[in-house]
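Raw start-v8.cif, mmCIF, C-alpha atoms:
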data_run
#
loop_
_atom_site.label_atom_id
_atom_site.label_comp_id
_atom_site.auth_asym_id
_atom_site.auth_seq_id
_atom_site.Cartn_x
_atom_site.Cartn_y
_atom_site.Cartn_z
CA MET A 1 55.80 53.52 78.02
CA LYS A 2 57.06 52.53 74.59
CA THR A 3 60.64 51.48 73.93
CA HIS A 4 62.86 53.45 71.56
CA ALA A 5 62.56 50.65 68.99
CA GLU A 6 58.75 50.65 69.21
CA ILE A 7 58.56 54.43 68.82
CA LYS A 8 60.89 54.28 65.85
CA LYS A 9 58.67 51.62 64.26
CA ILE A 10 55.50 53.63 64.88
CA CYS A 11 57.11 56.69 63.26
CA ARG A 12 58.21 54.61 60.27
CA ILE A 13 54.75 53.06 59.78
CA LEU A 14 52.97 56.41 59.96
CA ARG A 15 55.52 58.03 57.64
CA THR A 16 54.96 55.23 55.11
CA SER A 17 51.17 55.49 55.45
CA TYR A 18 51.17 59.29 55.09
CA PRO A 19 54.28 60.30 53.14
CA ASP A 20 53.09 63.76 52.12
CA VAL A 21 51.58 65.74 55.00
CA LYS A 22 50.91 69.43 55.49
CA THR A 23 48.42 71.61 57.31
CA GLN A 24 45.03 71.60 55.62
CA LEU A 25 44.39 75.25 56.45
CA ILE A 26 44.76 77.23 53.22
CA HIS A 27 47.01 80.26 53.65
CA LYS A 28 49.52 82.42 51.82
CA THR A 29 51.17 84.21 54.73
CA PRO A 30 51.94 83.62 58.43
CA PHE A 31 49.21 86.16 59.26
CA GLU A 32 46.63 84.19 57.28
CA LEU A 33 47.69 80.93 58.91
CA LEU A 34 47.58 82.47 62.38
CA THR A 35 44.08 83.82 61.80
CA ALA A 36 42.84 80.58 60.23
CA THR A 37 44.22 78.53 63.11
CA ILE A 38 42.39 80.67 65.67
CA LEU A 39 39.20 80.13 63.66
CA SER A 40 39.78 76.36 63.54
CA ALA A 41 39.05 75.88 67.25
CA GLN A 42 36.19 73.36 67.52
CA CYS A 43 35.70 73.59 63.78
CA THR A 44 36.85 71.62 60.74
CA ASP A 45 39.63 72.88 58.50
CA LYS A 46 37.23 72.54 55.57
CA GLN A 47 34.76 74.95 57.15
CA VAL A 48 37.51 77.44 57.99
CA ASN A 49 38.75 77.26 54.40
CA SER A 50 35.25 78.11 53.20
CA VAL A 51 35.25 81.49 54.98
CA THR A 52 38.86 82.66 54.90
CA PRO A 53 38.95 83.67 51.20
CA GLU A 54 36.27 86.31 51.84
CA LEU A 55 37.81 87.27 55.19
CA PHE A 56 41.27 87.87 53.73
CA LYS A 57 39.88 89.63 50.67
CA GLU A 58 38.12 92.11 52.96
CA PHE A 59 40.96 92.30 55.50
CA PRO A 60 44.26 91.36 53.81
CA CYS A 61 46.62 92.53 56.57
CA PRO A 62 46.70 92.95 60.35
CA LYS A 63 45.93 96.70 60.15
CA ALA A 64 42.82 96.10 58.06
CA LEU A 65 41.55 93.41 60.42
CA ALA A 66 42.37 95.44 63.52
CA ASP A 67 40.35 98.39 62.15
CA ALA A 68 37.46 96.23 60.91
CA ASP A 69 33.91 96.46 62.19
CA LEU A 70 33.36 93.55 64.60
CA LYS A 71 29.91 92.76 63.22
CA LYS A 72 31.28 92.48 59.71
CA ILE A 73 33.91 90.00 60.90
CA GLU A 74 31.25 88.01 62.74
CA ASN A 75 29.06 87.79 59.65
CA ILE A 76 31.91 86.41 57.57
CA ILE A 77 33.08 83.79 60.08
CA ARG A 78 29.65 82.88 61.51
CA SER A 79 29.67 79.32 60.13
CA THR A 80 32.86 78.42 62.03
CA GLY A 81 30.99 78.46 65.35
CA PHE A 82 31.61 80.53 68.49
CA PHE A 83 31.89 83.43 66.08
CA HIS A 84 31.45 86.18 68.69
CA ASN A 85 34.55 85.12 70.61
CA LYS A 86 36.51 84.21 67.50
CA ALA A 87 35.82 87.60 65.92
CA LYS A 88 37.07 89.34 69.06
CA HIS A 89 40.16 87.11 69.16
CA ILE A 90 41.24 87.67 65.57
CA LYS A 91 40.52 91.42 65.70
CA ASN A 92 42.42 91.83 68.99
CA CYS A 93 45.21 89.59 67.76
CA ALA A 94 45.59 91.77 64.67
CA ARG A 95 45.57 94.90 66.85
CA VAL A 96 48.40 93.57 69.03
CA LEU A 97 50.36 92.56 65.93
CA VAL A 98 50.09 96.13 64.68
CA GLU A 99 50.82 97.79 68.02
CA ASN A 100 53.56 95.51 69.35
CA PHE A 101 55.07 93.69 66.38
CA ASN A 102 54.94 96.14 63.47
CA SER A 103 52.27 93.91 61.83
CA ILE A 104 54.72 91.00 61.62
CA VAL A 105 53.79 87.60 63.05
CA PRO A 106 56.46 86.54 65.60
CA ASP A 107 58.51 83.46 64.76
CA ASN A 108 58.95 82.27 68.35
CA LEU A 109 56.68 80.64 70.90
CA GLU A 110 57.25 83.15 73.69
CA GLU A 111 55.93 86.09 71.67
CA LEU A 112 53.22 84.19 69.82
CA ILE A 113 51.46 83.14 73.02
CA THR A 114 51.20 86.79 74.10
CA LEU A 115 48.74 87.36 71.25
CA PRO A 116 45.00 87.28 72.06
CA GLY A 117 43.42 83.92 71.24
CA VAL A 118 46.77 82.20 70.80
CA GLY A 119 47.74 79.24 72.98
CA ARG A 120 50.53 76.74 72.58
CA LYS A 121 48.65 74.67 70.00
CA THR A 122 47.99 77.63 67.70
CA ALA A 123 51.52 78.94 68.22
CA ASN A 124 53.04 75.56 67.35
CA VAL A 125 50.93 75.31 64.18
CA VAL A 126 52.27 78.68 63.04
CA LEU A 127 55.84 77.87 64.03
CA SER A 128 55.91 74.56 62.19
CA ALA A 129 53.83 75.36 59.10
CA ALA A 130 54.76 79.01 58.52
CA PHE A 131 58.34 79.14 59.77
CA GLY A 132 59.58 75.56 59.61
CA VAL A 133 60.41 75.51 63.32
CA PRO A 134 60.26 72.02 64.89
CA ALA A 135 57.13 71.90 67.06
CA ILE A 136 54.64 69.38 68.40
CA VAL A 137 51.02 70.36 67.76
CA VAL A 138 48.63 68.75 70.24
CA ASP A 139 45.12 68.92 68.81
CA THR A 140 42.24 66.56 69.62
CA HIS A 141 43.62 63.83 67.34
CA VAL A 142 47.14 63.98 68.74
CA LYS A 143 45.80 64.07 72.29
CA ARG A 144 43.59 61.03 71.73
CA ILE A 145 45.95 58.88 69.70
CA SER A 146 49.16 59.49 71.64
CA LYS A 147 47.38 58.19 74.75
CA ARG A 148 45.80 55.24 72.96
CA ILE A 149 49.09 54.16 71.43
CA GLY A 150 50.89 54.49 74.76
CA LEU A 151 53.09 57.52 74.23
CA THR A 152 51.64 59.40 77.21
CA LYS A 153 49.46 58.86 80.23
CA HIS A 154 48.39 62.47 80.45
CA THR A 155 45.27 64.25 79.23
CA ASP A 156 46.62 67.80 79.59
CA PRO A 157 47.78 69.00 76.15
CA VAL A 158 50.91 70.73 77.48
CA LYS A 159 52.03 67.62 79.37
CA ILE A 160 51.36 65.52 76.26
CA GLU A 161 53.39 67.97 74.18
CA PHE A 162 56.39 67.63 76.48
CA ASP A 163 56.04 63.83 76.62
CA LEU A 164 56.12 63.67 72.82
CA MET A 165 59.02 66.10 72.66
CA ARG A 166 61.02 63.74 74.87
CA LEU A 167 60.10 60.63 72.88
CA ILE A 168 60.10 61.81 69.25
CA PRO A 169 63.30 63.03 67.53
CA GLU A 170 63.17 66.80 67.08
CA ASN A 171 63.55 66.60 63.30
CA ASN A 172 60.32 64.57 63.20
CA TRP A 173 58.17 66.74 65.48
CA LYS A 174 56.33 68.61 62.71
CA ASP A 175 55.54 65.58 60.59
CA PHE A 176 54.72 63.33 63.55
CA SER A 177 51.92 65.64 64.67
CA LEU A 178 50.54 65.74 61.14
CA HIS A 179 50.87 61.97 60.80
CA LEU A 180 48.70 61.51 63.90
CA ILE A 181 46.18 64.06 62.63
CA TYR A 182 45.86 62.32 59.25
CA PHE A 183 45.73 58.94 61.00
CA GLY A 184 43.05 60.20 63.40
CA ARG A 185 40.86 61.49 60.62
CA GLU A 186 41.14 58.34 58.53
CA ILE A 187 41.47 55.39 60.96
CA CYS A 188 41.83 56.12 64.69
CA MET A 189 38.64 58.11 65.06
CA ALA A 190 37.22 59.12 68.43
CA ARG A 191 34.03 57.07 68.51
CA LYS A 192 34.63 54.27 66.05
CA PRO A 193 38.35 53.65 65.60
CA GLY A 194 39.16 51.36 62.70
CA CYS A 195 41.23 48.94 64.77
CA PHE A 196 40.65 46.12 62.26
CA CYS A 197 42.63 48.02 59.60
CA CYS A 198 45.08 49.88 61.84
CA PRO A 199 48.71 49.77 60.65
CA VAL A 200 49.99 50.16 64.24
CA TYR A 201 47.57 47.65 65.81
CA ASP A 202 50.37 45.46 67.19
CA LEU A 203 52.07 48.47 68.78
CA CYS A 204 48.96 50.05 70.30
CA ASP A 205 48.01 49.95 74.00
CA TYR A 206 44.34 50.86 73.46
CA PRO A 207 42.45 48.28 75.59
CA GLU A 208 39.33 48.44 73.42
CA LYS A 209 41.22 47.33 70.31
CA PHE A 210 40.75 43.66 71.14
CA LYS A 211 37.01 44.16 71.40
CA LYS A 212 37.00 46.03 68.11
CA LYS A 213 38.96 43.23 66.46
CA ALA A 214 36.62 40.58 67.85
CA GLU A 215 33.55 42.50 66.67
CA PHE A 216 34.98 42.71 63.19
#
In structure tokens, what does this structure look like?
Amino acid sequence: MKTHAEIKKICRILRTSYPDVKTQLIHKTPFELLTATILSAQCTDKQVNSVTPELFKEFPCPKALADADLKKIENIIRSTGFFHNKAKHIKNCARVLVENFNSIVPDNLEELITLPGVGRKTANVVLSAAFGVPAIVVDTHVKRISKRIGLTKHTDPVKIEFDLMRLIPENNWKDFSLHLIYFGREICMARKPGCFCCPVYDLCDYPEKFKKKAEF
């Protein structure tokens, strides 16, 4: 496991490399972000952003989405993949918001995860990006990179989340997740990580990095 000094250095390097980070899901309200985040499962933010303008124009509030025809929702979000399940999730999520929360998106984890289609990752995205609540978002990039760097030995997202919460200062939780996401998209990719140009190469525990360096 990394020392406090090493973790501090990793945070500083990533903050310098990516000084201005924010969620790439386009939204105007917590409801829009919640819906977009559900749609982003196994889909790129870019693809989600291509369908949400039409979706929110047709269904601008939880009540409208809850009352919407399921087939119409499916047709709009089809290109995001798994559209049958996603349509059910966002419609049912909107229904529960209307019935249980007066159409207002909760600002706490405990209530957010009671919504259909909402797990800890989605809840933490909404908490951090919509409400400014410190939260660690463990997506595929964060899961992969935190293990490669040596910040966790786990593969379970919840265990990784709690490992990172223990290691990273709370005031850096939101940005740290985004730093890893940006870093994962640009350099530390799943199949071909750019170890030869990695700013945290000397602090990384990834065993394949030496092979990557030698190949370069």
Quiz item: How far is it from atom CA of A:Asn102 to atom CA of A:Lys174, in Å with one decimal?
Solution: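 About the pair atom CA of A:Asn102 and atom CA of A:Lys174: they are 27.6 Å apart.
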Exercise. Translate the PyMOL selection byres ((chain A and resi 160-168) around 10), as applied to the file shown, into an explicit residue set as a ChimeraX atom specification.
Key: /A:1-4,7-8,11,120-121,134-139,142-143,146-147,151-159,169-173,176-177
Practice problem: Name every residue that the PyMOL selection byres ((chain A and resi 27-31) around 7) selects in this structure, writing the answer as number ranges by chain with chains first and numbers rising. | Solution: A: 25-26, 32-35, 105, 126, 130
Quiz item: How many Å lie between atom CA of A:Lys22 and atom CA of A:Gly132, rounded to one decimal?
Solution: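 A separation of 11.4 Å between them.
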Self-check item: Interatomic distance (Å, one decimal) between atom CA of A:Ile77 and atom CA of A:Val96
Solution: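 Result for atom CA of A:Ile77 versus atom CA of A:Val96: 20.3 Å, one decimal.
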Quiz prompt | Chain and number of each residue from the PyMOL selection byres ((chain A and resi 54-65) around 9), as number ranges by chain | solution = A: 31-32, 50-53, 66-69, 73, 76-77, 90-98, 103-104
With C-alpha atoms retained, export the selected residues as a compact mmCIF listing (two decimals), in the coordinates of the input.
# COMPACT_ATOMS: atom_id res chain seq x y z
CA PHE A 31 49.21 86.16 59.26
CA GLU A 32 46.63 84.19 57.28
CA SER A 50 35.25 78.11 53.20
CA VAL A 51 35.25 81.49 54.98
CA THR A 52 38.86 82.66 54.90
CA PRO A 53 38.95 83.67 51.20
CA ALA A 66 42.37 95.44 63.52
CA ASP A 67 40.35 98.39 62.15
CA ALA A 68 37.46 96.23 60.91
CA ASP A 69 33.91 96.46 62.19
CA ILE A 73 33.91 90.00 60.90
CA ILE A 76 31.91 86.41 57.57
CA ILE A 77 33.08 83.79 60.08
CA ILE A 90 41.24 87.67 65.57
CA LYS A 91 40.52 91.42 65.70
CA ASN A 92 42.42 91.83 68.99
CA CYS A 93 45.21 89.59 67.76
CA ALA A 94 45.59 91.77 64.67
CA ARG A 95 45.57 94.90 66.85
CA VAL A 96 48.40 93.57 69.03
CA LEU A 97 50.36 92.56 65.93
CA VAL A 98 50.09 96.13 64.68
CA SER A 103 52.27 93.91 61.83
CA ILE A 104 54.72 91.00 61.62
Exercise. Can you pull out every residue within 9 Å of A:Val133, counting all atoms listed in the file, but drop anything in the same chain fewer than 4 positions away, and send it as number ranges by chain?
Key: A: 107-108, 124, 126-129, 174
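Of the residues under consideration (A:Thr140, A:Thr23, A:Thr16, A:Ser79), A:Thr23 shows the shortest atom-to-atom contact distance to A:Asp45 when counting all atoms listed in the file.
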Quiz item: Leaving out A:Ile13 and any residue of its chain fewer than 3 positions from it, which residues lie within 12 Å of it when counting only C-alpha atoms, given as a PyMOL selection string?
Solution: chain A and resi 6-10+16-19+176+179-180+183+198-203
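If you count only C-alpha atoms and ignore residues fewer than 6 places along the chain from A:Cys204, what sits within 7 Å of it is A:Arg148, A:Ile149, A:Gly150.
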Quiz item: So which one's closest to A:Pro106, A:Thr44, A:Phe131, A:Ile181, A:Phe83? Using all atoms listed in the file, please.
Solution: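 Nearest candidate to A:Pro106 out of A:Thr44, A:Phe131, A:Ile181, A:Phe83: A:Phe131.
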Quiz item: Of the candidates A:Arg12, A:Asp20, A:Asn75, A:Ala87, which shows the shortest atom-to-atom distance to A:Ala36, using all atoms listed in the file?
Solution: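 Closest to A:Ala36, using all atoms listed in the file: A:Ala87.
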Exercise. Point out the residue among A:Gln42, A:Asn85, A:Thr37, A:Asn49 with the least atom-to-atom distance to A:Ala123, counting all atoms listed in the file.
Key: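 Smallest separation from A:Ala123 among the options: A:Thr37.
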